[in-house]
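Pasted below: coords.pdb, PDB, C-alpha atoms, pLDDT in the B column.
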ATOM      1  CA  LEU A 286      26.718  22.917   2.233  1.00 51.00           C
ATOM      2  CA  THR A 287      27.792  26.456   3.119  1.00 60.00           C
ATOM      3  CA  ASP A 288      31.059  25.677   4.888  1.00 64.00           C
ATOM      4  CA  ASP A 289      33.721  23.017   5.331  1.00 69.00           C
ATOM      5  CA  ASN A 290      32.733  22.210   8.909  1.00 71.00           C
ATOM      6  CA  PHE A 291      32.705  18.453   9.426  1.00 69.00           C
ATOM      7  CA  SER A 292      29.493  18.541  11.472  1.00 76.00           C
ATOM      8  CA  SER A 293      27.726  20.370   8.611  1.00 76.00           C
ATOM      9  CA  ILE A 294      28.935  17.763   6.126  1.00 71.00           C
ATOM     10  CA  LYS A 295      27.812  14.947   8.429  1.00 76.00           C
ATOM     11  CA  ALA A 296      24.370  16.522   8.883  1.00 77.00           C
ATOM     12  CA  ALA A 297      23.972  16.967   5.129  1.00 79.00           C
ATOM     13  CA  VAL A 298      24.933  13.342   4.392  1.00 79.00           C
ATOM     14  CA  GLU A 299      22.605  12.085   7.122  1.00 82.00           C
ATOM     15  CA  GLU A 300      19.704  14.144   5.794  1.00 84.00           C
ATOM     16  CA  GLY A 301      20.393  12.941   2.261  1.00 86.00           C
ATOM     17  CA  ARG A 302      20.404   9.328   3.346  1.00 86.00           C
ATOM     18  CA  GLY A 303      17.107   9.822   5.166  1.00 88.00           C
ATOM     19  CA  ILE A 304      15.457  11.377   2.111  1.00 90.00           C
ATOM     20  CA  TYR A 305      16.800   8.627  -0.158  1.00 90.00           C
ATOM     21  CA  ASP A 306      15.524   5.950   2.239  1.00 90.00           C
ATOM     22  CA  ASN A 307      12.031   7.433   2.259  1.00 92.00           C
ATOM     23  CA  LEU A 308      12.037   7.673  -1.524  1.00 92.00           C
ATOM     24  CA  ILE A 309      12.891   3.984  -1.782  1.00 92.00           C
ATOM     25  CA  LYS A 310      10.193   3.131   0.773  1.00 92.00           C
ATOM     26  CA  PHE A 311       7.546   4.988  -1.226  1.00 93.00           C
ATOM     27  CA  ILE A 312       8.615   3.350  -4.488  1.00 92.00           C
ATOM     28  CA  THR A 313       8.621  -0.062  -2.812  1.00 92.00           C
ATOM     29  CA  TRP A 314       5.064   0.555  -1.631  1.00 94.00           C
ATOM     30  CA  ALA A 315       3.640   2.309  -4.708  1.00 93.00           C
ATOM     31  CA  LEU A 316       4.918   0.106  -7.541  1.00 93.00           C
ATOM     32  CA  PRO A 317       3.468  -3.266  -6.461  1.00 91.00           C
ATOM     33  CA  THR A 318       0.147  -1.751  -5.411  1.00 89.00           C
ATOM     34  CA  ASN A 319      -0.297   0.050  -8.739  1.00 91.00           C
ATOM     35  CA  LEU A 320       1.034  -2.885 -10.713  1.00 92.00           C
ATOM     36  CA  GLY A 321      -1.443  -5.175  -8.949  1.00 91.00           C
ATOM     37  CA  GLU A 322      -4.344  -2.893  -9.846  1.00 89.00           C
ATOM     38  CA  GLY A 323      -3.296  -2.920 -13.491  1.00 91.00           C
ATOM     39  CA  LEU A 324      -2.824  -6.684 -13.505  1.00 93.00           C
ATOM     40  CA  VAL A 325      -6.372  -7.212 -12.220  1.00 92.00           C
ATOM     41  CA  ILE A 326      -7.802  -5.448 -15.291  1.00 91.00           C
ATOM     42  CA  ILE A 327      -5.337  -6.989 -17.747  1.00 92.00           C
ATOM     43  CA  THR A 328      -5.845 -10.530 -16.404  1.00 92.00           C
ATOM     44  CA  ALA A 329      -9.646 -10.245 -16.541  1.00 92.00           C
ATOM     45  CA  ILE A 330      -9.594  -8.918 -20.114  1.00 91.00           C
ATOM     46  CA  PHE A 331      -6.994 -11.422 -21.323  1.00 91.00           C
ATOM     47  CA  PHE A 332      -8.902 -14.434 -19.997  1.00 90.00           C
ATOM     48  CA  GLY A 333     -12.357 -13.033 -20.711  1.00 90.00           C
ATOM     49  CA  LEU A 334     -13.336 -12.922 -17.030  1.00 89.00           C
ATOM     50  CA  THR A 335     -15.704 -10.629 -15.178  1.00 91.00           C
ATOM     51  CA  LEU A 336     -13.841  -7.622 -13.799  1.00 92.00           C
ATOM     52  CA  PRO A 337     -13.393  -8.057 -10.027  1.00 94.00           C
ATOM     53  CA  ILE A 338     -12.724  -4.305  -9.721  1.00 94.00           C
ATOM     54  CA  LEU A 339     -14.235  -1.652 -11.995  1.00 93.00           C
ATOM     55  CA  PRO A 340     -12.082   1.190 -13.416  1.00 92.00           C
ATOM     56  CA  LEU A 341     -13.933   3.771 -11.277  1.00 94.00           C
ATOM     57  CA  GLN A 342     -13.213   1.672  -8.200  1.00 95.00           C
ATOM     58  CA  ILE A 343      -9.510   1.544  -9.095  1.00 94.00           C
ATOM     59  CA  LEU A 344      -9.599   5.331  -9.399  1.00 93.00           C
ATOM     60  CA  TRP A 345     -11.036   5.470  -5.860  1.00 95.00           C
ATOM     61  CA  ILE A 346      -8.256   3.208  -4.572  1.00 94.00           C
ATOM     62  CA  ASN A 347      -5.536   5.308  -6.207  1.00 91.00           C
ATOM     63  CA  MET A 348      -6.938   8.675  -5.120  1.00 91.00           C
ATOM     64  CA  THR A 349      -7.329   7.680  -1.488  1.00 93.00           C
ATOM     65  CA  THR A 350      -4.453   5.309  -0.744  1.00 93.00           C
ATOM     66  CA  ALA A 351      -1.785   7.455  -2.425  1.00 87.00           C
ATOM     67  CA  GLY A 352      -2.654  10.422  -0.240  1.00 87.00           C
ATOM     68  CA  PHE A 353      -3.474   8.788   3.078  1.00 92.00           C
ATOM     69  CA  LEU A 354      -1.148   5.776   2.983  1.00 93.00           C
ATOM     70  CA  GLY A 355       1.790   6.166   0.598  1.00 91.00           C
ATOM     71  CA  LEU A 356       2.422   9.825   1.392  1.00 91.00           C
ATOM     72  CA  MET A 357       2.870   8.960   5.070  1.00 93.00           C
ATOM     73  CA  LEU A 358       6.168   7.245   4.225  1.00 91.00           C
ATOM     74  CA  ALA A 359       7.639  10.644   3.336  1.00 90.00           C
ATOM     75  CA  PHE A 360       7.473  11.558   7.028  1.00 91.00           C
ATOM     76  CA  GLU A 361       9.364   8.536   8.321  1.00 90.00           C
ATOM     77  CA  PRO A 362      12.209   9.658  10.624  1.00 89.00           C
ATOM     78  CA  LYS A 363      15.759   8.663   9.881  1.00 87.00           C
ATOM     79  CA  GLU A 364      16.415   5.068  10.907  1.00 83.00           C
ATOM     80  CA  PRO A 365      18.817   4.203  13.739  1.00 80.00           C
ATOM     81  CA  GLY A 366      22.344   3.546  12.547  1.00 80.00           C
ATOM     82  CA  ILE A 367      21.817   5.302   9.231  1.00 81.00           C
ATOM     83  CA  MET A 368      25.333   6.783   9.366  1.00 82.00           C
ATOM     84  CA  GLU A 369      26.928   3.442  10.158  1.00 81.00           C
ATOM     85  CA  ARG A 370      26.124   2.075   6.706  1.00 82.00           C
ATOM     86  CA  PRO A 371      28.898   1.979   4.099  1.00 85.00           C
ATOM     87  CA  PRO A 372      28.550   4.478   1.241  1.00 83.00           C
ATOM     88  CA  ARG A 373      26.148   3.392  -1.489  1.00 80.00           C
ATOM     89  CA  ASP A 374      27.703   2.578  -4.853  1.00 81.00           C
ATOM     90  CA  PRO A 375      26.418   5.344  -7.187  1.00 82.00           C
ATOM     91  CA  ARG A 376      26.097   2.725  -9.953  1.00 84.00           C
ATOM     92  CA  THR A 377      23.559   0.770  -7.893  1.00 84.00           C
ATOM     93  CA  PRO A 378      20.086   1.124  -9.462  1.00 86.00           C
ATOM     94  CA  ILE A 379      17.131   2.279  -7.391  1.00 85.00           C
ATOM     95  CA  LEU A 380      15.323  -0.972  -8.144  1.00 85.00           C
ATOM     96  CA  THR A 381      17.663  -3.737  -7.056  1.00 88.00           C
ATOM     97  CA  ARG A 382      16.944  -7.414  -7.697  1.00 90.00           C
ATOM     98  CA  PRO A 383      15.505  -8.040  -4.187  1.00 88.00           C
ATOM     99  CA  LEU A 384      13.197  -5.031  -4.531  1.00 89.00           C
ATOM    100  CA  ILE A 385      12.013  -6.156  -7.976  1.00 91.00           C
ATOM    101  CA  MET A 386      11.249  -9.632  -6.631  1.00 93.00           C
ATOM    102  CA  ARG A 387       9.400  -8.073  -3.719  1.00 91.00           C
ATOM    103  CA  ILE A 388       7.347  -5.840  -6.027  1.00 91.00           C
ATOM    104  CA  VAL A 389       6.354  -8.769  -8.253  1.00 93.00           C
ATOM    105  CA  LEU A 390       5.465 -10.981  -5.281  1.00 94.00           C
ATOM    106  CA  VAL A 391       3.244  -8.356  -3.621  1.00 93.00           C
ATOM    107  CA  SER A 392       1.527  -7.553  -6.932  1.00 94.00           C
ATOM    108  CA  VAL A 393       0.735 -11.201  -7.615  1.00 94.00           C
ATOM    109  CA  LEU A 394      -0.567 -11.770  -4.071  1.00 93.00           C
ATOM    110  CA  LEU A 395      -2.905  -8.768  -4.357  1.00 93.00           C
ATOM    111  CA  VAL A 396      -4.249 -10.021  -7.688  1.00 93.00           C
ATOM    112  CA  ILE A 397      -4.766 -13.561  -6.375  1.00 94.00           C
ATOM    113  CA  GLY A 398      -6.508 -12.225  -3.257  1.00 92.00           C
ATOM    114  CA  ALA A 399      -8.837  -9.966  -5.253  1.00 93.00           C
ATOM    115  CA  PHE A 400      -9.776 -12.616  -7.815  1.00 94.00           C
ATOM    116  CA  GLY A 401     -10.102 -15.381  -5.240  1.00 92.00           C
ATOM    117  CA  LEU A 402     -12.332 -13.419  -2.895  1.00 93.00           C
ATOM    118  CA  PHE A 403     -14.408 -12.064  -5.798  1.00 93.00           C
ATOM    119  CA  LYS A 404     -15.171 -15.582  -7.015  1.00 92.00           C
ATOM    120  CA  LEU A 405     -15.756 -16.925  -3.508  1.00 91.00           C
ATOM    121  CA  THR A 406     -18.217 -14.126  -2.719  1.00 91.00           C
ATOM    122  CA  LEU A 407     -20.158 -14.826  -5.916  1.00 90.00           C
ATOM    123  CA  ILE A 408     -20.519 -18.435  -4.781  1.00 90.00           C
ATOM    124  CA  LEU A 409     -21.520 -17.566  -1.219  1.00 86.00           C
ATOM    125  CA  HIS A 410     -23.857 -14.687  -2.031  1.00 83.00           C
ATOM    126  CA  GLY A 411     -25.572 -15.839  -5.203  1.00 81.00           C
ATOM    127  CA  GLU A 412     -23.844 -13.866  -7.968  1.00 77.00           C
ATOM    128  CA  ASN A 413     -23.985 -10.533  -6.116  1.00 89.00           C
ATOM    129  CA  GLU A 414     -21.336  -8.740  -8.187  1.00 93.00           C
ATOM    130  CA  GLU A 415     -21.579  -5.441  -6.310  1.00 95.00           C
ATOM    131  CA  LEU A 416     -20.824  -7.133  -2.995  1.00 95.00           C
ATOM    132  CA  ALA A 417     -18.103  -9.277  -4.555  1.00 94.00           C
ATOM    133  CA  ARG A 418     -16.408  -6.194  -6.009  1.00 95.00           C
ATOM    134  CA  THR A 419     -16.678  -4.407  -2.664  1.00 96.00           C
ATOM    135  CA  LEU A 420     -14.752  -7.244  -1.052  1.00 95.00           C
ATOM    136  CA  ALA A 421     -12.163  -7.172  -3.853  1.00 95.00           C
ATOM    137  CA  VAL A 422     -11.663  -3.412  -3.428  1.00 96.00           C
ATOM    138  CA  ASN A 423     -11.281  -3.776   0.319  1.00 96.00           C
ATOM    139  CA  VAL A 424      -8.775  -6.599  -0.173  1.00 95.00           C
ATOM    140  CA  PHE A 425      -6.643  -4.185  -2.186  1.00 94.00           C
ATOM    141  CA  VAL A 426      -7.013  -1.272   0.226  1.00 95.00           C
ATOM    142  CA  PHE A 427      -6.351  -3.221   3.403  1.00 96.00           C
ATOM    143  CA  GLY A 428      -3.652  -5.272   1.680  1.00 94.00           C
ATOM    144  CA  GLU A 429      -1.932  -2.006   0.766  1.00 94.00           C
ATOM    145  CA  MET A 430      -2.446  -0.773   4.312  1.00 94.00           C
ATOM    146  CA  PHE A 431      -0.835  -3.817   5.918  1.00 93.00           C
ATOM    147  CA  TYR A 432       1.955  -3.741   3.340  1.00 94.00           C
ATOM    148  CA  LEU A 433       2.571  -0.115   4.325  1.00 93.00           C
ATOM    149  CA  PHE A 434       3.729  -1.317   7.749  1.00 91.00           C
ATOM    150  CA  ASN A 435       6.279  -3.541   6.024  1.00 89.00           C
ATOM    151  CA  CYS A 436       7.556  -0.607   3.951  1.00 91.00           C
ATOM    152  CA  ARG A 437       8.330   1.602   6.953  1.00 90.00           C
ATOM    153  CA  SER A 438      11.821   0.106   6.824  1.00 86.00           C
ATOM    154  CA  ILE A 439      13.634  -1.779   4.085  1.00 80.00           C
ATOM    155  CA  THR A 440      16.251  -3.253   6.426  1.00 78.00           C
ATOM    156  CA  HIS A 441      14.553  -3.586   9.850  1.00 79.00           C
ATOM    157  CA  PRO A 442      11.245  -4.979  11.187  1.00 78.00           C
ATOM    158  CA  PHE A 443       8.799  -2.084  11.455  1.00 74.00           C
ATOM    159  CA  TRP A 444       8.240  -2.599  15.194  1.00 77.00           C
ATOM    160  CA  THR A 445      11.888  -1.757  15.903  1.00 76.00           C
ATOM    161  CA  LEU A 446      11.253   1.796  14.650  1.00 77.00           C
ATOM    162  CA  GLY A 447       8.755   2.618  17.374  1.00 77.00           C
ATOM    163  CA  PHE A 448       5.003   2.585  16.800  1.00 79.00           C
ATOM    164  CA  TRP A 449       4.702   6.368  17.247  1.00 83.00           C
ATOM    165  CA  SER A 450       7.957   7.508  15.644  1.00 87.00           C
ATOM    166  CA  ASN A 451       6.028   8.729  12.573  1.00 90.00           C
ATOM    167  CA  LYS A 452       3.264  10.973  13.923  1.00 91.00           C
ATOM    168  CA  PHE A 453       1.496  11.066  10.536  1.00 92.00           C
ATOM    169  CA  PHE A 454       1.390   7.288  10.021  1.00 93.00           C
ATOM    170  CA  TRP A 455      -1.484   6.319  12.305  1.00 93.00           C
ATOM    171  CA  PRO A 456      -3.722   9.285  11.394  1.00 95.00           C
ATOM    172  CA  GLY A 457      -3.290   8.293   7.741  1.00 95.00           C
ATOM    173  CA  VAL A 458      -4.264   4.696   8.497  1.00 95.00           C
ATOM    174  CA  ALA A 459      -7.254   5.880  10.563  1.00 96.00           C
ATOM    175  CA  VAL A 460      -8.538   8.218   7.828  1.00 96.00           C
ATOM    176  CA  MET A 461      -8.114   5.521   5.179  1.00 96.00           C
ATOM    177  CA  THR A 462     -10.056   3.044   7.301  1.00 96.00           C
ATOM    178  CA  LEU A 463     -12.846   5.591   7.804  1.00 97.00           C
ATOM    179  CA  LEU A 464     -12.998   6.289   4.067  1.00 96.00           C
ATOM    180  CA  GLN A 465     -13.380   2.582   3.331  1.00 96.00           C
ATOM    181  CA  LEU A 466     -16.254   2.348   5.807  1.00 96.00           C
ATOM    182  CA  VAL A 467     -17.885   5.298   4.021  1.00 97.00           C
ATOM    183  CA  TYR A 468     -17.248   3.612   0.657  1.00 96.00           C
ATOM    184  CA  THR A 469     -18.799   0.384   1.928  1.00 96.00           C
ATOM    185  CA  TYR A 470     -21.811   1.593   3.903  1.00 97.00           C
ATOM    186  CA  VAL A 471     -22.921   5.084   2.780  1.00 96.00           C
ATOM    187  CA  PRO A 472     -25.754   4.725   0.220  1.00 96.00           C
ATOM    188  CA  LEU A 473     -24.538   7.615  -1.968  1.00 96.00           C
ATOM    189  CA  PHE A 474     -21.127   5.964  -2.330  1.00 96.00           C
ATOM    190  CA  ASN A 475     -22.816   2.610  -2.979  1.00 96.00           C
ATOM    191  CA  THR A 476     -24.654   4.227  -5.883  1.00 95.00           C
ATOM    192  CA  ILE A 477     -21.633   6.045  -7.327  1.00 95.00           C
ATOM    193  CA  PHE A 478     -19.081   3.252  -6.997  1.00 95.00           C
ATOM    194  CA  LYS A 479     -21.386   0.210  -7.291  1.00 94.00           C
ATOM    195  CA  SER A 480     -20.365  -0.974  -3.817  1.00 95.00           C
ATOM    196  CA  ALA A 481     -22.474  -2.796  -1.231  1.00 95.00           C
ATOM    197  CA  PRO A 482     -22.558  -3.151   2.584  1.00 96.00           C
ATOM    198  CA  MET A 483     -20.508  -6.026   3.987  1.00 94.00           C
ATOM    199  CA  GLY A 484     -21.224  -8.328   6.909  1.00 92.00           C
ATOM    200  CA  LEU A 485     -18.888  -9.633   9.609  1.00 93.00           C
ATOM    201  CA  LEU A 486     -18.099 -12.795   7.632  1.00 91.00           C
ATOM    202  CA  ASP A 487     -17.183 -10.658   4.635  1.00 92.00           C
ATOM    203  CA  TRP A 488     -14.833  -8.510   6.741  1.00 94.00           C
ATOM    204  CA  SER A 489     -13.214 -11.586   8.231  1.00 93.00           C
ATOM    205  CA  MET A 490     -12.465 -12.860   4.715  1.00 92.00           C
ATOM    206  CA  VAL A 491     -11.087  -9.471   3.631  1.00 93.00           C
ATOM    207  CA  LEU A 492      -8.809  -9.081   6.645  1.00 92.00           C
ATOM    208  CA  GLY A 493      -7.776 -12.724   6.430  1.00 89.00           C
ATOM    209  CA  ASN A 494      -6.725 -12.259   2.794  1.00 83.00           C
ATOM    210  CA  SER A 495      -4.975  -8.961   3.483  1.00 75.00           C
TER     211      SER A 495
END

Take the structure in the file and give it back as structure tokens.
Amino acid sequence: LTDDNFSSIKAAVEEGRGIYDNLIKFITWALPTNLGEGLVIITAIFFGLTLPILPLQILWINMTTAGFLGLMLAFEPKEPGIMERPPRDPRTPILTRPLIMRIVLVSVLLVIGAFGLFKLTLILHGENEELARTLAVNVFVFGEMFYLFNCRSITHPFWTLGFWSNKFFWPGVAVMTLLQLVYTYVPLFNTIFKSAPMGLLDWSMVLGNS
């Protein structure tokens, strides 16, 4: 603030609320997705199970989704009615009880989806671990992608914001989808990440679980 003009103060408060909203959106998206990835490893080790996702594959998920999915939330425009909200109590923590419950729920669903589809693929495809892990990785990536839509607003359904209001959102989703196709079908990536090409039935199971 450089002056006492009311319009300047209003603009500053509005901008601050928009930045705070986008910070909360990113945290709400990033924490459950990263927690779910950690829980997959911890659960497998604790119960002595085969890893449904290898550490290198988790590194791939983190490196790609953080940049092409999570970062897109930073460009969300200010939501309608943002200045009609009452002032936020400064003692209110960033992670409120509803957000914590949401984070735990999403994390658990991602873990269940990855483990369930990994085991189901082993049954259907005769212990093909590379294919099973490819499905588990794609469950995480596309689960995070669909969850990203939900995180575009904490208080409103995402479709009320306008499908094109964030001009970086759809390019990010498109690039992430392309990268997963490369991960799944390009032989060099199959060799590096121990992935395998998927069929239509496999994709239907992945998208159904996401």

Which neighbours of Val426 in chain A fall inside 9 Å, counting only C-alpha atoms, when residues of the same chain fewer than 2 positions from it are skipped, and could you give them as a PyMOL selection string?
chain A and resi 346+350+421-424+428-431+461-462+465+495

Identify all residues satisfying the PyMOL selection byres ((chain A and resi 452-457) around 10) in the given file; provide them as a ChimeraX atom specification.
/A:350,352-362,430,433-434,437,448-451,458-463

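Among the candidates A:Leu405, A:Ala417, A:Cys436, A:Leu394, the one nearest to Asp306 in chain A when counting only C-alpha atoms is A:Cys436.
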
On this structure, the PyMOL selection byres ((chain A and resi 404) around 10) would catch which residues? List them as number ranges by chain, sorted by chain and number.
A: 335, 337, 399-403, 405-409, 412, 414, 417-418, 421

Mind giving me the straight-line distance from CA of Pro482 in chain A to CA of Ile397 in chain A in Å, one decimal?
22.5 Å

Skip Met368 in chain A itself and residues of its chain fewer than 3 positions away, then list as a ChimeraX atom specification all residues within 10 Å of it, counting all atoms listed in the file.
/A:295-296,298-300,302-303,363-365,371-372
